[in-house]
Every structure is written in C-alpha cells, then in structure tokens.
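**Q** Take this structure, written in structure tokens, and hold onto it; I'll ask about it next.
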Amino acid sequence: AGPDRLGRLGGMQSTLVLIKPDGVKRQLTGAILARIEAKGYVVADLKLVQPDRALLEEHYEEHQGKPFFEPLVEFMLSGPSVAIRLEGDRVIEGFRSLAGTTDPTTAAPGTIRGDLGRDWGLKVQQNLVHGSDSEESAARELALWFA
Ligand code: UDP
C-alpha cells in the first residue's frame with residue numbers, strides 16, 4: 001500500500017530493540033516488555049546477549065569518532081543486554097515513540113526513558129533501551145544481533 005493522506009507508510013515492519021545493561025541490572029526487563037506488549041507489538045525473538053567489542057563497534061558505527069563513543073561502548077560491555085526482534089505495523093517509529101528521546105532526564109513522562117530512566121551522574125548513555133531508527137538500520141542491526 002502507498003502512503004495515506006498524511007504521507008504515512010503502513011505495513012508490517014521488524015525492528016531491533018535492546019534492553020541495555022542498565023535496564024537488565026535494574027531488573028526492569030519485565031516492566032519494559034510489559035509496555036511493549038501492551039502497545040500491541042509482537043516479540044518475535046528474544047535473547048540475553050553479552051556483546052563483544054566488535055559487535056558494538058559495528059552496531060554503533062555511525063557514532064565512531066564522537067566523544068561519547070568510547071564511554072558508550074564501555075557501558076554496553078558492562079553487562080548483558082536483552083535483544084528483541086519486535087514486529088508490528090510501523091513498529092520502527094512506534095517503538096522510538098514509546099522509548100522517548102535520548103536523554104532520559106528530559107524524555108517525556110509516559111515513555112520508557114521518561115518514566116523509568118534518569119541521568120545517573122551525567123551518563124546519558126544509560127537510557128535503558130535502543131530501537132532501530134530506519135528500515136535500513138533495522139535490517140542491518142537485526143542481522144548483527146540475530147546472526
Ligand atoms: N549517547 C550518549 N551521549 C550522547 C548521545 C548519545 O551517550 O550525547 C548514547 C545513548 O546511549 C544513545 C546512543 O548513544 O542511546 C545512541 O545515540 P543516538 O543519537 O542514536 O540516540 P537514540 O537513537 O538511542 O535515542
């Protein structure tokens with residue numbers, strides 16, 4: 001189907017969601033999954049993963065060279081993440097809306113980051129979840145984490 005009158009493209013999508021090490025350590029996996037399932041998205045695959053540096057450098061390749069890159073990789077190495085293949089109509093933008101904006105201190109209440117996250121000592125990287133930002137990233141990231 002083509003775009004609707006608001007220019008929105010419909011159709012079933014898959015996205016990669018990660019519950020990052022802070023979410024796993026704080027035992028928020030169930031609370032986060034409950035929000036995702038309550039929204040109506042389908043958990044098509046799920047596993048606990050301890051990623052290695054090579055996986056993370058590929059996953060975050062667009063951020064290589066930025067000042068937060070190394071602290072981000074170190075944080076993501078600090079413990080396991082829950083990797084989820086999530087499916088649904090427009091799930092890519094839908095999950096990012098559910099997650100909230102990047103900085104958990106200012107993410108809107110009602111979102112995962114806004115309700116459950118905050119800045120633990122200027123560590124913006126600890127924002128509980130990751131969600132792919134486009135169909136291209138989703139395909140690339142799903143291939144990495146569910147190889
Ligand atoms: N990040 C950070 N400092 C910044 C920007 C981003 O530590 O100034 C981390 C944060 O964990 C974020 C991830 O890098 O989730 C990827 O950044 P992106 O801009 O893609 O944010 P997202 O799409 O996850 O909201």
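FYI, nothing fancy with the structure tokens labels: chains A, B, ... in order, residues from 1 per chain, ligands from 1 as they appear.
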Could you give me the residues within 6 Å of ligand 1, counting only C-alpha atoms and all ligand atoms, as a PDB file with N, CA and C atoms, in the first residue's frame?
**A**
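In the end it all went to out-v6.pdb:
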ATOM      1  N   PHE A  68      31.298  10.632  22.842  1.00  0.00           N
ATOM      2  CA  PHE A  68      30.601   9.674  23.706  1.00  0.00           C
ATOM      3  C   PHE A  68      30.750   8.231  23.242  1.00  0.00           C
ATOM      4  N   LEU A  72      30.213   4.929  25.631  1.00  0.00           N
ATOM      5  CA  LEU A  72      29.021   4.169  25.238  1.00  0.00           C
ATOM      6  C   LEU A  72      29.360   2.693  25.066  1.00  0.00           C
ATOM      7  N   THR A 101      12.784  10.364  24.006  1.00  0.00           N
ATOM      8  CA  THR A 101      14.005  10.960  23.449  1.00  0.00           C
ATOM      9  C   THR A 101      15.251  10.473  24.191  1.00  0.00           C
ATOM     10  N   THR A 102      16.421  10.745  23.597  1.00  0.00           N
ATOM     11  CA  THR A 102      17.675  10.113  24.032  1.00  0.00           C
ATOM     12  C   THR A 102      18.027  10.388  25.493  1.00  0.00           C
ATOM     13  N   VAL A 124      24.445   9.981  30.045  1.00  0.00           N
ATOM     14  CA  VAL A 124      23.292   9.958  29.144  1.00  0.00           C
ATOM     15  C   VAL A 124      23.157   8.611  28.436  1.00  0.00           C
ATOM     16  N   GLN A 125      24.316   7.886  28.348  1.00  0.00           N
ATOM     17  CA  GLN A 125      24.232   6.610  27.621  1.00  0.00           C
ATOM     18  C   GLN A 125      23.351   5.598  28.333  1.00  0.00           C
ATOM     19  N   GLN A 126      23.113   5.812  29.643  1.00  0.00           N
ATOM     20  CA  GLN A 126      22.295   4.861  30.386  1.00  0.00           C
ATOM     21  C   GLN A 126      20.830   5.241  30.240  1.00  0.00           C
ATOM     22  N   ASN A 127      20.289   4.922  29.076  1.00  0.00           N
ATOM     23  CA  ASN A 127      18.902   5.306  28.802  1.00  0.00           C
ATOM     24  C   ASN A 127      18.006   4.102  28.502  1.00  0.00           C
ATOM     25  N   HIS A 130      17.349   0.612  23.330  1.00  0.00           N
ATOM     26  CA  HIS A 130      17.728   1.023  21.973  1.00  0.00           C
ATOM     27  C   HIS A 130      16.621   0.577  21.033  1.00  0.00           C
TER      28      HIS A 130
END
**Q** Quick one: DSSP strand (DSSP E or B) residues in region 31-134 of chain A, as a VMD selection string?
**A** chain A and resid 42 to 49 81 to 89 129 to 131
**Q** Please save C-alpha atoms of the selected residues as a PDB file, in the first residue's frame.
**A**
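Ended up saving to part_12.pdb:
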ATOM      1  CA  VAL A  42       4.847  -8.793  18.903  1.00  0.00           C
ATOM      2  CA  VAL A  43       8.017 -10.248  20.403  1.00  0.00           C
ATOM      3  CA  ALA A  44       9.149 -12.493  17.548  1.00  0.00           C
ATOM      4  CA  ASP A  45      12.531 -13.424  19.033  1.00  0.00           C
ATOM      5  CA  LEU A  46      14.318 -12.593  22.298  1.00  0.00           C
ATOM      6  CA  LYS A  47      17.628 -13.469  23.960  1.00  0.00           C
ATOM      7  CA  LEU A  48      20.057 -12.342  26.642  1.00  0.00           C
ATOM      8  CA  VAL A  49      23.346 -11.402  24.955  1.00  0.00           C
ATOM      9  CA  SER A  81      21.518  -6.781  27.097  1.00  0.00           C
ATOM     10  CA  VAL A  82      18.192  -8.320  26.107  1.00  0.00           C
ATOM     11  CA  ALA A  83      17.942  -8.351  22.302  1.00  0.00           C
ATOM     12  CA  ILE A  84      14.423  -8.428  20.870  1.00  0.00           C
ATOM     13  CA  ARG A  85      13.142  -8.814  17.330  1.00  0.00           C
ATOM     14  CA  LEU A  86       9.953  -6.777  17.523  1.00  0.00           C
ATOM     15  CA  GLU A  87       7.247  -6.847  14.875  1.00  0.00           C
ATOM     16  CA  GLY A  88       4.246  -4.707  14.067  1.00  0.00           C
ATOM     17  CA  ASP A  89       2.794  -2.080  11.791  1.00  0.00           C
ATOM     18  CA  VAL A 129      16.656   0.901  25.592  1.00  0.00           C
ATOM     19  CA  HIS A 130      17.728   1.023  21.973  1.00  0.00           C
ATOM     20  CA  GLY A 131      15.441   0.959  18.940  1.00  0.00           C
TER      21      GLY A 131
END
**Q** Any idea what's packed within 9 Å of Pro51 (chain A), counting only C-alpha atoms, ignoring anything in its chain fewer than 3 positions away? Could you give it as a PyMOL selection string?
**A** chain A and resi 54-56+76-77+79-81+145
**Q** Can you list, as a compact mmCIF listing (two decimals) with N, CA and C atoms, in the first residue's frame, every protein, DNA or RNA residue that comes within 7 Å of region 106-113 of chain A when you count only C-alpha atoms, leaving out same-chain residues fewer than 6 positions away?
**A**
# COMPACT_ATOMS: atom_id res chain seq x y z
N ILE A 32 9.62 -3.24 31.07
CA ILE A 32 9.78 -2.70 29.72
C ILE A 32 9.03 -3.58 28.72
N LEU A 98 7.59 5.18 21.89
CA LEU A 98 7.40 4.55 23.21
C LEU A 98 8.65 4.73 24.08
N ALA A 99 9.83 4.69 23.45
CA ALA A 99 11.10 4.80 24.20
C ALA A 99 11.31 6.21 24.73
N GLY A 100 10.92 7.21 23.94
CA GLY A 100 11.19 8.60 24.34
C GLY A 100 12.53 9.08 23.80
N ASN A 127 20.29 4.92 29.08
CA ASN A 127 18.90 5.31 28.80
C ASN A 127 18.01 4.10 28.50
N LEU A 128 18.39 2.96 29.07
CA LEU A 128 17.55 1.76 29.18
C LEU A 128 17.31 0.96 27.91
**Q** So which residues of chain A fall under helix (DSSP H, G or I) by DSSP, listed as a ChimeraX atom specification?
**A** /A:21-25,29-39,53-59,61-63,69-77,91-99,112-116,135-145
**Q** Write out as an MDAnalysis selection string each polymer residue whose atoms come within 12 Å of Phe69 (chain A), counting only C-alpha atoms; drop sequence neighbours fewer than 3 positions from it.
**A** chainID A and resid 53 56:66 72:76 124:125
**Q** Please, could you write that set of residues out with N, CA and C atoms as a PDB file, in the first residue's frame?
**A**
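Saved file out_32.pdb follows:
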ATOM      1  N   ARG A  53      33.184  -6.358  21.851  1.00  0.00           N
ATOM      2  CA  ARG A  53      33.501  -5.029  21.343  1.00  0.00           C
ATOM      3  C   ARG A  53      33.254  -4.920  19.821  1.00  0.00           C
ATOM      4  N   LEU A  56      29.657  -4.320  19.047  1.00  0.00           N
ATOM      5  CA  LEU A  56      29.210  -2.977  19.440  1.00  0.00           C
ATOM      6  C   LEU A  56      29.778  -1.902  18.514  1.00  0.00           C
ATOM      7  N   GLU A  57      31.020  -2.092  18.088  1.00  0.00           N
ATOM      8  CA  GLU A  57      31.605  -1.092  17.192  1.00  0.00           C
ATOM      9  C   GLU A  57      30.866  -1.074  15.862  1.00  0.00           C
ATOM     10  N   GLU A  58      30.383  -2.243  15.438  1.00  0.00           N
ATOM     11  CA  GLU A  58      29.598  -2.287  14.199  1.00  0.00           C
ATOM     12  C   GLU A  58      28.201  -1.717  14.427  1.00  0.00           C
ATOM     13  N   HIS A  59      27.614  -2.099  15.551  1.00  0.00           N
ATOM     14  CA  HIS A  59      26.261  -1.623  15.863  1.00  0.00           C
ATOM     15  C   HIS A  59      26.221  -0.089  15.914  1.00  0.00           C
ATOM     16  N   TYR A  60      27.233   0.504  16.549  1.00  0.00           N
ATOM     17  CA  TYR A  60      27.270   1.964  16.720  1.00  0.00           C
ATOM     18  C   TYR A  60      28.224   2.632  15.730  1.00  0.00           C
ATOM     19  N   GLU A  61      28.394   2.060  14.537  1.00  0.00           N
ATOM     20  CA  GLU A  61      29.417   2.581  13.604  1.00  0.00           C
ATOM     21  C   GLU A  61      29.185   4.047  13.248  1.00  0.00           C
ATOM     22  N   GLU A  62      27.910   4.494  13.197  1.00  0.00           N
ATOM     23  CA  GLU A  62      27.647   5.897  12.839  1.00  0.00           C
ATOM     24  C   GLU A  62      28.169   6.871  13.902  1.00  0.00           C
ATOM     25  N   HIS A  63      28.442   6.364  15.112  1.00  0.00           N
ATOM     26  CA  HIS A  63      28.908   7.246  16.191  1.00  0.00           C
ATOM     27  C   HIS A  63      30.419   7.183  16.411  1.00  0.00           C
ATOM     28  N   GLN A  64      31.131   6.371  15.609  1.00  0.00           N
ATOM     29  CA  GLN A  64      32.591   6.274  15.789  1.00  0.00           C
ATOM     30  C   GLN A  64      33.221   7.649  15.622  1.00  0.00           C
ATOM     31  N   GLY A  65      34.146   7.978  16.535  1.00  0.00           N
ATOM     32  CA  GLY A  65      34.823   9.271  16.475  1.00  0.00           C
ATOM     33  C   GLY A  65      34.168  10.341  17.335  1.00  0.00           C
ATOM     34  N   LYS A  66      32.916  10.111  17.767  1.00  0.00           N
ATOM     35  CA  LYS A  66      32.259  11.102  18.636  1.00  0.00           C
ATOM     36  C   LYS A  66      32.758  10.940  20.071  1.00  0.00           C
ATOM     37  N   LEU A  72      30.213   4.929  25.631  1.00  0.00           N
ATOM     38  CA  LEU A  72      29.021   4.169  25.238  1.00  0.00           C
ATOM     39  C   LEU A  72      29.360   2.693  25.066  1.00  0.00           C
ATOM     40  N   VAL A  73      30.471   2.420  24.367  1.00  0.00           N
ATOM     41  CA  VAL A  73      30.871   1.026  24.159  1.00  0.00           C
ATOM     42  C   VAL A  73      31.201   0.371  25.505  1.00  0.00           C
ATOM     43  N   GLU A  74      31.927   1.078  26.365  1.00  0.00           N
ATOM     44  CA  GLU A  74      32.265   0.534  27.692  1.00  0.00           C
ATOM     45  C   GLU A  74      30.998   0.206  28.488  1.00  0.00           C
ATOM     46  N   PHE A  75      30.046   1.108  28.439  1.00  0.00           N
ATOM     47  CA  PHE A  75      28.773   0.877  29.133  1.00  0.00           C
ATOM     48  C   PHE A  75      28.062  -0.356  28.561  1.00  0.00           C
ATOM     49  N   MET A  76      28.044  -0.480  27.253  1.00  0.00           N
ATOM     50  CA  MET A  76      27.346  -1.611  26.628  1.00  0.00           C
ATOM     51  C   MET A  76      28.069  -2.938  26.872  1.00  0.00           C
ATOM     52  N   VAL A 124      24.445   9.981  30.045  1.00  0.00           N
ATOM     53  CA  VAL A 124      23.292   9.958  29.144  1.00  0.00           C
ATOM     54  C   VAL A 124      23.157   8.611  28.436  1.00  0.00           C
ATOM     55  N   GLN A 125      24.316   7.886  28.348  1.00  0.00           N
ATOM     56  CA  GLN A 125      24.232   6.610  27.621  1.00  0.00           C
ATOM     57  C   GLN A 125      23.351   5.598  28.333  1.00  0.00           C
TER      58      GLN A 125
END
**Q** Ranking A:Asp22, A:Glu93, A:Glu37, A:Asp52 by minimum distance to Glu135 (chain A) and counting only C-alpha atoms, which one comes first?
**A**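 Ranking A:Asp22, A:Glu93, A:Glu37, A:Asp52 by distance to Glu135 (chain A), first place goes to A:Glu93.
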**Q** At a cut-off of 8 Å, using only C-alpha atoms, what residues contact Ile92 (chain A)? Leave out same-chain residues fewer than 3 positions from it and give the result as a list in words.
**A**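 Listing them by chain and then by number gives Gln13, Ser14, Thr15, Phe95, Arg96, Gly131, Ser132, Asp133, Ser134, Glu135 and Ala138 of chain A.
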**Q** Take the residues just selected and output them with C-alpha atoms as a CSV table (one decimal), in the first residue's frame.
**A**
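result23.csv written:
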chain,number,residue,atom,x,y,z
A,13,GLN,CA,8.0,-4.0,10.0
A,14,SER,CA,10.6,-5.6,12.2
A,15,THR,CA,12.9,-3.6,14.4
A,95,PHE,CA,8.9,1.9,19.4
A,96,ARG,CA,11.0,5.0,19.3
A,131,GLY,CA,15.4,1.0,18.9
A,132,SER,CA,16.5,1.0,15.3
A,133,ASP,CA,15.8,4.3,13.6
A,134,SER,CA,15.0,3.2,10.0
A,135,GLU,CA,14.2,0.1,7.9
A,138,ALA,CA,16.7,-2.4,11.5
